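Just structure-v3.txt here, compact mmCIF, C-alpha atoms:
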# COMPACT_ATOMS: atom_id res chain seq x y z
CA MET F 18 -19.40 2.78 -73.48
CA THR F 19 -20.95 -0.34 -74.86
CA VAL F 20 -23.98 -0.07 -77.13
CA VAL F 21 -25.87 -3.19 -78.12
CA GLU F 22 -28.70 -3.01 -80.64
CA TYR F 23 -30.83 -5.99 -81.62
CA LEU F 24 -32.48 -5.36 -84.96
CA GLY F 25 -36.16 -6.20 -85.08
CA ARG F 26 -36.62 -6.20 -81.30
CA GLY F 27 -38.62 -3.62 -79.43
CA HIS F 28 -38.03 -2.03 -76.04
CA GLU F 29 -36.95 -4.58 -73.46
CA HIS F 30 -34.55 -5.01 -70.57
CA PHE F 31 -31.98 -6.97 -72.63
CA SER F 32 -31.59 -9.72 -70.07
CA ASP F 33 -29.06 -11.42 -72.38
CA GLU F 34 -26.67 -8.56 -71.68
CA ILE F 35 -27.01 -8.36 -67.88
CA LEU F 36 -23.93 -10.52 -67.18
CA ARG F 37 -21.80 -8.42 -69.55
CA LEU F 38 -23.06 -5.21 -67.89
CA PHE F 39 -22.16 -6.43 -64.41
CA ASP F 40 -18.75 -7.59 -65.64
CA TRP F 41 -18.12 -4.13 -67.13
CA MET F 42 -19.30 -2.34 -63.96
CA GLY F 43 -17.14 -4.59 -61.79
CA ARG F 44 -14.00 -3.38 -63.58
CA LEU F 45 -14.69 0.30 -62.83
CA ARG F 46 -13.94 2.08 -59.56
CA ARG F 47 -15.24 5.50 -58.54
CA ASN F 48 -13.06 7.71 -56.36
CA PRO F 49 -15.41 8.51 -53.45
CA PHE F 50 -13.20 11.39 -52.24
CA PRO F 51 -11.94 13.35 -55.26
CA ARG F 52 -9.71 16.24 -54.27
CA GLN F 53 -11.01 18.31 -57.16
CA PHE F 54 -14.21 18.36 -59.24
CA LYS F 55 -16.45 20.60 -61.31
CA CYS F 56 -20.17 19.92 -61.82
CA ALA F 57 -23.33 21.65 -63.01
CA THR F 58 -27.02 21.10 -62.36
CA MET F 59 -30.39 22.48 -63.40
CA ARG F 60 -32.49 20.34 -61.07
CA PRO F 61 -33.13 21.16 -57.41
CA TRP F 62 -32.83 17.53 -56.36
CA ASN F 63 -29.32 17.23 -57.85
CA ASN F 64 -27.83 19.09 -54.92
CA ARG F 65 -24.98 16.88 -53.72
CA PHE F 66 -21.71 16.39 -55.53
CA TYR F 67 -19.23 14.20 -53.67
CA TRP F 68 -18.46 16.14 -50.47
CA VAL F 69 -20.34 19.37 -51.28
CA GLU F 70 -24.08 19.77 -50.68
CA LEU F 71 -25.80 22.79 -52.23
CA LYS F 72 -28.87 24.63 -50.91
CA GLN F 73 -30.83 27.74 -51.95
CA PHE F 74 -30.54 27.51 -55.72
CA PRO F 75 -31.16 30.62 -57.84
CA ALA F 76 -34.55 30.31 -59.58
CA ARG F 77 -33.05 31.17 -62.98
CA ALA F 78 -30.81 28.10 -62.79
CA MET F 79 -33.53 25.51 -62.12
CA VAL F 80 -35.64 23.85 -64.79
CA GLU F 81 -38.13 21.08 -64.14
CA PRO F 82 -37.93 18.31 -66.77
CA SER F 83 -41.53 19.07 -67.77
CA ASP F 84 -40.44 22.64 -68.64
CA TRP F 85 -37.70 21.52 -71.03
CA PRO F 86 -36.30 23.15 -73.14
CA PRO F 87 -35.35 25.88 -70.67
CA PRO F 88 -36.38 29.50 -71.13
CA ARG F 89 -33.84 31.99 -72.49
CA GLY F 90 -31.32 33.19 -69.96
CA THR F 91 -31.38 29.98 -67.95
CA ARG F 92 -27.91 28.81 -66.99
CA PRO F 93 -26.95 25.75 -64.96
CA LEU F 94 -25.81 26.19 -61.38
CA GLU F 95 -22.13 25.30 -61.28
CA VAL F 96 -19.93 24.17 -58.44
CA GLU F 97 -16.16 23.88 -58.56
CA ALA F 98 -14.37 22.51 -55.52
CA SER F 99 -10.85 21.53 -54.54
CA VAL F 100 -8.85 20.47 -51.51
CA ASN F 101 -5.21 21.54 -51.37
CA LYS F 102 -2.27 19.98 -49.54
CA THR F 103 -2.39 22.55 -46.73
CA ASN F 104 -5.89 21.52 -45.54
CA GLY F 105 -7.55 24.29 -47.56
CA ILE F 106 -10.92 23.79 -49.20
CA ASN F 107 -11.95 26.16 -52.01
CA ILE F 108 -15.48 26.18 -53.40
CA THR F 109 -17.00 28.38 -56.09
CA THR F 110 -20.75 28.18 -56.64
CA GLY F 111 -23.88 30.23 -57.22
CA ALA F 112 -25.84 28.43 -54.48
CA GLY F 113 -26.97 30.48 -51.47
CA GLN F 114 -25.86 27.92 -48.88
CA ILE F 115 -23.55 24.93 -48.85
CA ALA F 116 -22.53 22.12 -46.55
CA VAL F 117 -19.04 20.65 -46.81
CA TRP F 118 -18.82 17.03 -45.65
CA LEU F 119 -15.35 16.04 -44.42
CA SER F 120 -13.53 12.77 -43.94
CA PRO F 121 -9.95 11.75 -43.08
CA GLU F 122 -9.42 11.02 -46.79
CA LEU F 123 -9.97 14.73 -47.55
CA VAL F 124 -8.59 16.70 -44.59
CA ASP F 125 -6.31 16.22 -41.61
CA PHE F 126 -8.56 16.56 -38.54
CA ASP F 127 -5.52 17.40 -36.38
CA ARG F 128 -4.83 20.56 -38.39
CA ARG F 129 -7.01 23.63 -38.83
CA PRO F 130 -9.00 23.54 -42.09
CA THR F 131 -9.51 26.65 -44.20
CA VAL F 132 -12.88 26.66 -45.99
CA THR F 133 -13.29 29.36 -48.62
CA VAL F 134 -16.58 29.82 -50.49
CA ASN F 135 -16.65 32.24 -53.43
CA GLY F 136 -13.48 33.88 -52.16
CA SER F 137 -14.73 34.45 -48.59
CA ARG F 138 -13.41 32.44 -45.69
CA LEU F 139 -15.97 30.77 -43.42
CA ALA F 140 -15.61 32.14 -39.91
CA GLY F 141 -16.69 28.93 -38.17
CA ALA F 142 -13.98 26.89 -39.84
CA ALA F 143 -11.24 28.84 -38.09
CA ARG F 144 -10.85 26.17 -35.42
CA THR F 145 -10.04 22.50 -35.71
CA VAL F 146 -12.87 20.32 -36.96
CA THR F 147 -13.63 17.41 -34.67
CA PRO F 148 -15.18 14.21 -36.01
CA ASP F 149 -18.69 13.74 -34.66
CA LEU F 150 -20.59 10.47 -34.42
CA ALA F 151 -23.93 12.26 -35.04
CA VAL F 152 -22.65 13.68 -38.34
CA LEU F 153 -21.27 10.29 -39.39
CA LEU F 154 -24.61 8.59 -38.64
CA GLU F 155 -26.54 11.34 -40.46
CA ASP F 156 -24.36 10.84 -43.53
CA VAL F 157 -24.79 7.06 -43.51
CA ARG F 158 -28.56 7.47 -43.09
CA ILE F 159 -28.80 9.93 -46.00
CA ARG F 160 -26.39 8.31 -48.47
CA GLY F 161 -26.37 4.70 -47.31
CA ASP F 162 -22.62 4.42 -47.94
CA ARG F 163 -21.17 2.57 -44.97
CA GLN F 164 -17.74 2.12 -46.54
CA HIS F 165 -16.97 5.81 -47.20
CA PRO F 166 -18.69 7.93 -44.54
CA TYR F 167 -18.08 11.58 -43.83
CA TRP F 168 -17.07 12.34 -40.23
CA ALA F 169 -17.71 16.08 -39.95
CA LYS F 170 -19.68 18.83 -41.67
CA VAL F 171 -19.07 22.57 -42.13
CA GLU F 172 -22.04 24.69 -43.20
CA SER F 173 -21.91 28.09 -44.86
CA SER F 174 -25.39 29.19 -43.77
CA THR F 175 -24.24 30.14 -40.30
CA GLY F 176 -20.53 29.61 -40.74
CA ARG F 177 -20.76 27.08 -37.96
CA ILE F 178 -19.08 23.72 -37.70
CA ALA F 179 -21.55 20.90 -37.29
CA ALA F 180 -18.93 18.63 -35.82
CA GLY F 181 -18.44 19.76 -32.27
CA SER F 182 -17.45 17.93 -29.15
CA GLY F 183 -18.29 14.40 -30.23
CA GLY F 184 -15.63 11.73 -30.09
CA ALA F 185 -13.95 10.22 -33.10
CA PRO F 186 -15.95 7.44 -34.73
Give the structure from the file, written as structure tokens.
Amino acid sequence: MTVVEYLGRGHEHFSDEILRLFDWMGRLRRNPFPRQFKCATMRPWNNRFYWVELKQFPARAMVEPSDWPPPRGTRPLEVEASVNKTNGINITTGAGQIAVWLSPELVDFDRRPTVTVNGSRLAGAARTVTPDLAVLLEDVRIRGDRQHPYWAKVESSTGRIAAGSGGAP
């Protein structure tokens, strides 16, 4: 982290530092497909972490910024996810529904994936996931990331695979 403080100057955009900021950002690279992560949120709009999208948050875990500090007993909603070498995806979360976005960097589409949420296997993920152009386009539309798109999606709400008979992108 770089902190720059100019004594005697008020709030401003520090335009003198913009070139240094862009230089610093240019040296960093984010892994768009981490095989393991753990995150927490207390805001309903913070519902997507890498390749996991959360839905149906418990009310006791959500706090609007205007209601800060949170009431007693409020705990963040956590999600812990990992992909193993045998095409298995394990997710632990307190959310009521999830969507798992998949790409060739995460899973082998030629092998059957195993998606486990809170210790229970998703029934719809028992067959091979097929890349679907509609899912890929939906992901690009939502995230705007054309370099690292997701090709298929598995949802826990119905246990269905949202990547059916479409051809590979």
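Proximity to Arg65 in chain F at 10 Å, evaluated using all atoms listed in the file and with sequence-adjacent residues fewer than 6 positions away removed, yields Cys56, Thr58, Leu71, Lys72, Ile115, Ala116 and Val117 of chain F.
Of the listed residues F:Trp85, F:Phe66, F:Trp41, F:Trp118, the one whose atoms come nearest to Val157 in chain F is F:Trp118, with distances taken using all atoms listed in the file.
Distances to Pro148 in chain F were evaluated for F:Pro75, F:Pro121, F:Gly161, F:Pro86 using all atoms listed in the file, and the minimum falls at F:Pro121.
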Problem set entry | Shortest interatomic distance to Leu150 in chain F - which of F:Arg92, F:Arg138, F:Lys170, F:Arg44, counting all atoms listed in the file | F:Lys170
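Here CA of Pro51 in chain F is placed at a distance of 8.3 Å from CA of Ser99 in chain F.
The spacing separating CA of Arg37 in chain F from CA of Glu22 in chain F amounts to 14.1 Å.
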For this session: Would you mind listing what lies within 12 Å of Asp156 in chain F as a ChimeraX atom specification, with all atoms listed in the file counted and same-chain residues fewer than 2 positions away left out?
Result: /F:65,67-68,70,116-120,149-154,158-170
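Between CA of Gly136 in chain F and CA of Asn101 in chain F there is a distance of 14.9 Å.
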